[in-house]
Amino acid sequence: MKRLLVILCCLLLVGGLVAGCGTQSAEDDGAKATKVVVGCTAVPHAEILEVVKPMLAEQGVELEIKVFTDYVLLNPALKDKQLDANFFQHIPYLEDYNAKNNANLVWIVKVHNEPMGVYSNKYDSVDKVAKGARIGIPNDATNGGRALMVLESAGLLKLKEGAGVTATKRDIVENPLEFKIEEQDAAMLPRALEDLDVCVINSNYALEAGLNPVEDSIFMEPKDSPFANVLVVRPEDKDNEAIKKLAAVLQSEEVRQFLEETYQGSCVPAF
């Protein structure tokens, strides 16, 4: 009987050791296979993330890139925990989203600026835009205001003092040539060039449509604009180690070189 008890105890001890080894191995494997899911728009954001993907893999982080065609969906997806981070927006857009949606998403690092451009299939200079021309701008709050600021910089209209990035058509105080400002979905503006006289287009959508912001625009926003594109996360994840690694590689010399060589001024480093 004693011998049987000794055998049973030995078997239980061995089983416990095996189970303990299995748990440790699973934990080790989990640590090695850290995965970060980042939502973005296609150009240039997904292209930039593809550059850093192998760099992160060397550091034990698996980067999954989810491309959205409609950037309006990216912040809700992050807020609802469908993503670990997103990369598509500038700070004024983020602040506007948080204020209007009871959200507290935070940005981690600035990566690049995408100077907004004025485009036309009809005119080759802003000085030639005729009276009564139809001008398309994005229909979301901050990009619409930004587009109006670009038109003001181009000398096509004047805004109420202090209107800033939240400017709307109601803030136009001088429009001597009676331009008709039409708001449309930002992603549709490149196509709208077929019908409208002028469009103010975000560089990411211009690039997707095969437009070179430097060569094809008739006016460009100054490159030192405050609209740097940023990596955004939920506040509880801002100190996550994998997120920190992603932030670091997005500000690497490899990314700087990629931006400068690939986009030739249409996307410029913001770090």
# chains A, B, ... in the order shown; residues from 1 in each chain; ligands from 1

$ select_by_dssp --residues "range 143-265 of chain A" --states "alpha helix (DSSP H)" --output "ChimeraX atom specification"
/A:143-153,189-192,203-208,213-216,241-250,253-263

$ closest_atom_pairs --of "range 48-153 of chain A" --to "range 249-266 of chain A" --cutoff "10 Å" --atoms "only C-alpha atoms" --output "CSV"
residue,atom,partner,partner_atom,distance
A:Ile48,CA,A:Val255,CA,7.0
A:Leu49,CA,A:Leu250,CA,7.9
A:Val51,CA,A:Val255,CA,7.1
A:Val52,CA,A:Val249,CA,6.2
A:Lys53,CA,A:Val249,CA,9.1
A:Met55,CA,A:Val249,CA,7.2
A:Leu56,CA,A:Val249,CA,7.6
A:Val109,CA,A:Gln251,CA,7.8
A:Lys110,CA,A:Gln251,CA,7.9
A:Val111,CA,A:Gln251,CA,6.3
A:His112,CA,A:Leu259,CA,8.1
A:Asn113,CA,A:Ser266,CA,8.2
A:Glu114,CA,A:Ser266,CA,6.0
A:Pro115,CA,A:Ser266,CA,6.4
A:Met116,CA,A:Ser266,CA,8.6
A:Gly117,CA,A:Ser266,CA,9.2

$ write_last_selection --atoms "N, CA and C atoms" --output "CSV table (one decimal), in the first residue's frame"
chain,number,residue,atom,x,y,z
A,48,ILE,N,4.3,53.5,-45.7
A,48,ILE,CA,5.2,53.8,-44.6
A,48,ILE,C,5.3,52.6,-43.6
A,49,LEU,N,4.1,52.1,-43.3
A,49,LEU,CA,4.0,51.0,-42.3
A,49,LEU,C,4.7,49.7,-42.9
A,51,VAL,N,7.3,49.8,-44.7
A,51,VAL,CA,8.8,50.0,-44.5
A,51,VAL,C,9.2,49.6,-43.1
A,52,VAL,N,8.4,49.9,-42.1
A,52,VAL,CA,8.8,49.6,-40.7
A,52,VAL,C,8.4,48.1,-40.3
A,53,LYS,N,7.6,47.5,-41.0
A,53,LYS,CA,7.2,46.1,-40.6
A,53,LYS,C,8.3,45.2,-40.4
A,55,MET,N,11.4,45.9,-39.7
A,55,MET,CA,12.2,46.5,-38.6
A,55,MET,C,11.6,46.1,-37.3
A,56,LEU,N,10.2,46.1,-37.2
A,56,LEU,CA,9.6,45.6,-36.0
A,56,LEU,C,9.7,44.1,-35.8
A,109,VAL,N,3.5,60.1,-31.7
A,109,VAL,CA,4.6,60.7,-32.4
A,109,VAL,C,4.1,61.3,-33.7
A,110,LYS,N,4.7,62.4,-34.1
A,110,LYS,CA,4.5,63.0,-35.4
A,110,LYS,C,5.4,62.3,-36.4
A,111,VAL,N,4.8,62.0,-37.6
A,111,VAL,CA,5.6,61.3,-38.6
A,111,VAL,C,5.9,62.1,-39.8
A,112,HIS,N,4.8,62.7,-40.4
A,112,HIS,CA,5.1,63.4,-41.7
A,112,HIS,C,4.0,64.5,-41.9
A,113,ASN,N,4.2,65.4,-42.7
A,113,ASN,CA,3.2,66.4,-43.2
A,113,ASN,C,2.9,66.0,-44.6
A,114,GLU,N,1.6,66.2,-45.0
A,114,GLU,CA,1.1,66.1,-46.3
A,114,GLU,C,0.6,67.4,-46.8
A,115,PRO,N,1.4,68.3,-47.4
A,115,PRO,CA,0.9,69.6,-47.8
A,115,PRO,C,-0.3,69.4,-48.7
A,116,MET,N,-1.4,70.1,-48.4
A,116,MET,CA,-2.6,70.1,-49.2
A,116,MET,C,-2.4,70.9,-50.4
A,117,GLY,N,-3.0,70.4,-51.5
A,117,GLY,CA,-2.8,71.0,-52.8
A,117,GLY,C,-4.1,71.5,-53.5

$ closest_residue --among "A:Val165, A:Ala42, A:Ile172, A:Val36" --to "Val61 in chain A" --atoms "only C-alpha atoms"
A:Val36

$ residues_around --residues "Asn139 in chain A" --least-positions-apart "3" --cutoff "10 Å" --atoms "only C-alpha atoms" --output "PyMOL selection string"
chain A and resi 136+142-145+147+168+182-186

$ write_last_selection --atoms "N, CA and C atoms" --output "PDB file, in the first residue's frame"
ATOM      1  N   GLY A 136     -14.181  72.701 -55.038  1.00  0.00           N
ATOM      2  CA  GLY A 136     -14.496  71.609 -54.123  1.00  0.00           C
ATOM      3  C   GLY A 136     -13.524  71.547 -52.958  1.00  0.00           C
ATOM      4  N   THR A 142     -12.365  69.612 -39.891  1.00  0.00           N
ATOM      5  CA  THR A 142     -11.019  70.183 -39.865  1.00  0.00           C
ATOM      6  C   THR A 142     -10.382  70.269 -41.242  1.00  0.00           C
ATOM      7  N   ASN A 143     -10.598  69.275 -42.095  1.00  0.00           N
ATOM      8  CA  ASN A 143     -10.003  69.338 -43.434  1.00  0.00           C
ATOM      9  C   ASN A 143     -10.709  70.369 -44.302  1.00  0.00           C
ATOM     10  N   GLY A 144     -11.995  70.586 -44.058  1.00  0.00           N
ATOM     11  CA  GLY A 144     -12.697  71.636 -44.773  1.00  0.00           C
ATOM     12  C   GLY A 144     -12.154  73.011 -44.393  1.00  0.00           C
ATOM     13  N   GLY A 145     -11.952  73.238 -43.086  1.00  0.00           N
ATOM     14  CA  GLY A 145     -11.378  74.490 -42.624  1.00  0.00           C
ATOM     15  C   GLY A 145      -9.956  74.674 -43.122  1.00  0.00           C
ATOM     16  N   ALA A 147      -8.739  73.445 -45.876  1.00  0.00           N
ATOM     17  CA  ALA A 147      -8.811  73.755 -47.308  1.00  0.00           C
ATOM     18  C   ALA A 147      -9.136  75.224 -47.533  1.00  0.00           C
ATOM     19  N   THR A 168     -15.601  77.549 -41.672  1.00  0.00           N
ATOM     20  CA  THR A 168     -16.601  77.029 -42.594  1.00  0.00           C
ATOM     21  C   THR A 168     -16.875  78.102 -43.650  1.00  0.00           C
ATOM     22  N   GLU A 182     -18.011  74.151 -52.773  1.00  0.00           N
ATOM     23  CA  GLU A 182     -18.836  72.941 -52.679  1.00  0.00           C
ATOM     24  C   GLU A 182     -18.112  71.895 -51.834  1.00  0.00           C
ATOM     25  N   GLU A 183     -18.801  71.380 -50.829  1.00  0.00           N
ATOM     26  CA  GLU A 183     -18.224  70.388 -49.920  1.00  0.00           C
ATOM     27  C   GLU A 183     -18.534  68.979 -50.403  1.00  0.00           C
ATOM     28  N   GLN A 184     -17.492  68.146 -50.456  1.00  0.00           N
ATOM     29  CA  GLN A 184     -17.654  66.766 -50.894  1.00  0.00           C
ATOM     30  C   GLN A 184     -16.774  65.860 -50.040  1.00  0.00           C
ATOM     31  N   ASP A 185     -17.080  64.570 -50.083  1.00  0.00           N
ATOM     32  CA  ASP A 185     -16.235  63.592 -49.403  1.00  0.00           C
ATOM     33  C   ASP A 185     -14.807  63.723 -49.907  1.00  0.00           C
ATOM     34  N   ALA A 186     -13.856  63.800 -48.975  1.00  0.00           N
ATOM     35  CA  ALA A 186     -12.459  64.056 -49.336  1.00  0.00           C
ATOM     36  C   ALA A 186     -11.916  63.056 -50.348  1.00  0.00           C
TER      37      ALA A 186
END

$ closest_residue --among "A:Leu94, A:Leu156, A:Val43, A:Leu148" --to "Ala130 in chain A" --atoms "only C-alpha atoms"
A:Leu156

$ closest_residue --among "A:Val38, A:Ala99, A:Ala154, A:Ala163" --to "Ser125 in chain A" --atoms "only C-alpha atoms"
A:Ala154

$ atom_distance --atom1 "CA of Asn240 in chain A" --atom2 "CA of Gln82 in chain A"
16.6 Å

$ decode --residues "range 188-201 of chain A" --atoms "N, CA and C atoms" --output "PDB file, in the first residue's frame"
ATOM      1  N   MET A 188     -13.426  61.594 -52.685  1.00  0.00           N
ATOM      2  CA  MET A 188     -14.044  61.738 -53.999  1.00  0.00           C
ATOM      3  C   MET A 188     -13.542  62.962 -54.777  1.00  0.00           C
ATOM      4  N   LEU A 189     -12.810  63.838 -54.118  1.00  0.00           N
ATOM      5  CA  LEU A 189     -12.409  65.089 -54.764  1.00  0.00           C
ATOM      6  C   LEU A 189     -11.533  64.912 -56.011  1.00  0.00           C
ATOM      7  N   PRO A 190     -10.606  63.928 -56.046  1.00  0.00           N
ATOM      8  CA  PRO A 190      -9.860  63.761 -57.302  1.00  0.00           C
ATOM      9  C   PRO A 190     -10.770  63.476 -58.497  1.00  0.00           C
ATOM     10  N   ARG A 191     -11.810  62.679 -58.292  1.00  0.00           N
ATOM     11  CA  ARG A 191     -12.758  62.391 -59.373  1.00  0.00           C
ATOM     12  C   ARG A 191     -13.593  63.622 -59.712  1.00  0.00           C
ATOM     13  N   ALA A 192     -13.835  64.440 -58.691  1.00  0.00           N
ATOM     14  CA  ALA A 192     -14.667  65.630 -58.897  1.00  0.00           C
ATOM     15  C   ALA A 192     -13.995  66.651 -59.802  1.00  0.00           C
ATOM     16  N   LEU A 193     -12.695  66.507 -60.038  1.00  0.00           N
ATOM     17  CA  LEU A 193     -11.998  67.426 -60.942  1.00  0.00           C
ATOM     18  C   LEU A 193     -12.602  67.407 -62.351  1.00  0.00           C
ATOM     19  N   GLU A 194     -13.285  66.317 -62.695  1.00  0.00           N
ATOM     20  CA  GLU A 194     -13.921  66.238 -64.011  1.00  0.00           C
ATOM     21  C   GLU A 194     -15.104  67.203 -64.126  1.00  0.00           C
ATOM     22  N   ASP A 195     -15.733  67.502 -62.981  1.00  0.00           N
ATOM     23  CA  ASP A 195     -16.934  68.340 -62.996  1.00  0.00           C
ATOM     24  C   ASP A 195     -16.703  69.734 -62.414  1.00  0.00           C
ATOM     25  N   LEU A 196     -15.834  69.830 -61.415  1.00  0.00           N
ATOM     26  CA  LEU A 196     -15.590  71.112 -60.766  1.00  0.00           C
ATOM     27  C   LEU A 196     -14.411  71.826 -61.426  1.00  0.00           C
ATOM     28  N   ASP A 197     -14.335  73.124 -61.212  1.00  0.00           N
ATOM     29  CA  ASP A 197     -13.250  73.909 -61.806  1.00  0.00           C
ATOM     30  C   ASP A 197     -11.947  73.756 -61.035  1.00  0.00           C
ATOM     31  N   VAL A 198     -12.065  73.651 -59.720  1.00  0.00           N
ATOM     32  CA  VAL A 198     -10.898  73.579 -58.830  1.00  0.00           C
ATOM     33  C   VAL A 198     -11.255  72.678 -57.657  1.00  0.00           C
ATOM     34  N   CYS A 199     -10.278  71.924 -57.160  1.00  0.00           N
ATOM     35  CA  CYS A 199     -10.489  71.131 -55.946  1.00  0.00           C
ATOM     36  C   CYS A 199      -9.279  71.268 -55.032  1.00  0.00           C
ATOM     37  N   VAL A 200      -9.542  71.319 -53.739  1.00  0.00           N
ATOM     38  CA  VAL A 200      -8.469  71.300 -52.739  1.00  0.00           C
ATOM     39  C   VAL A 200      -8.437  69.889 -52.161  1.00  0.00           C
ATOM     40  N   ILE A 201      -7.304  69.191 -52.378  1.00  0.00           N
ATOM     41  CA  ILE A 201      -7.254  67.749 -52.127  1.00  0.00           C
ATOM     42  C   ILE A 201      -6.130  67.405 -51.161  1.00  0.00           C
TER      43      ILE A 201
END
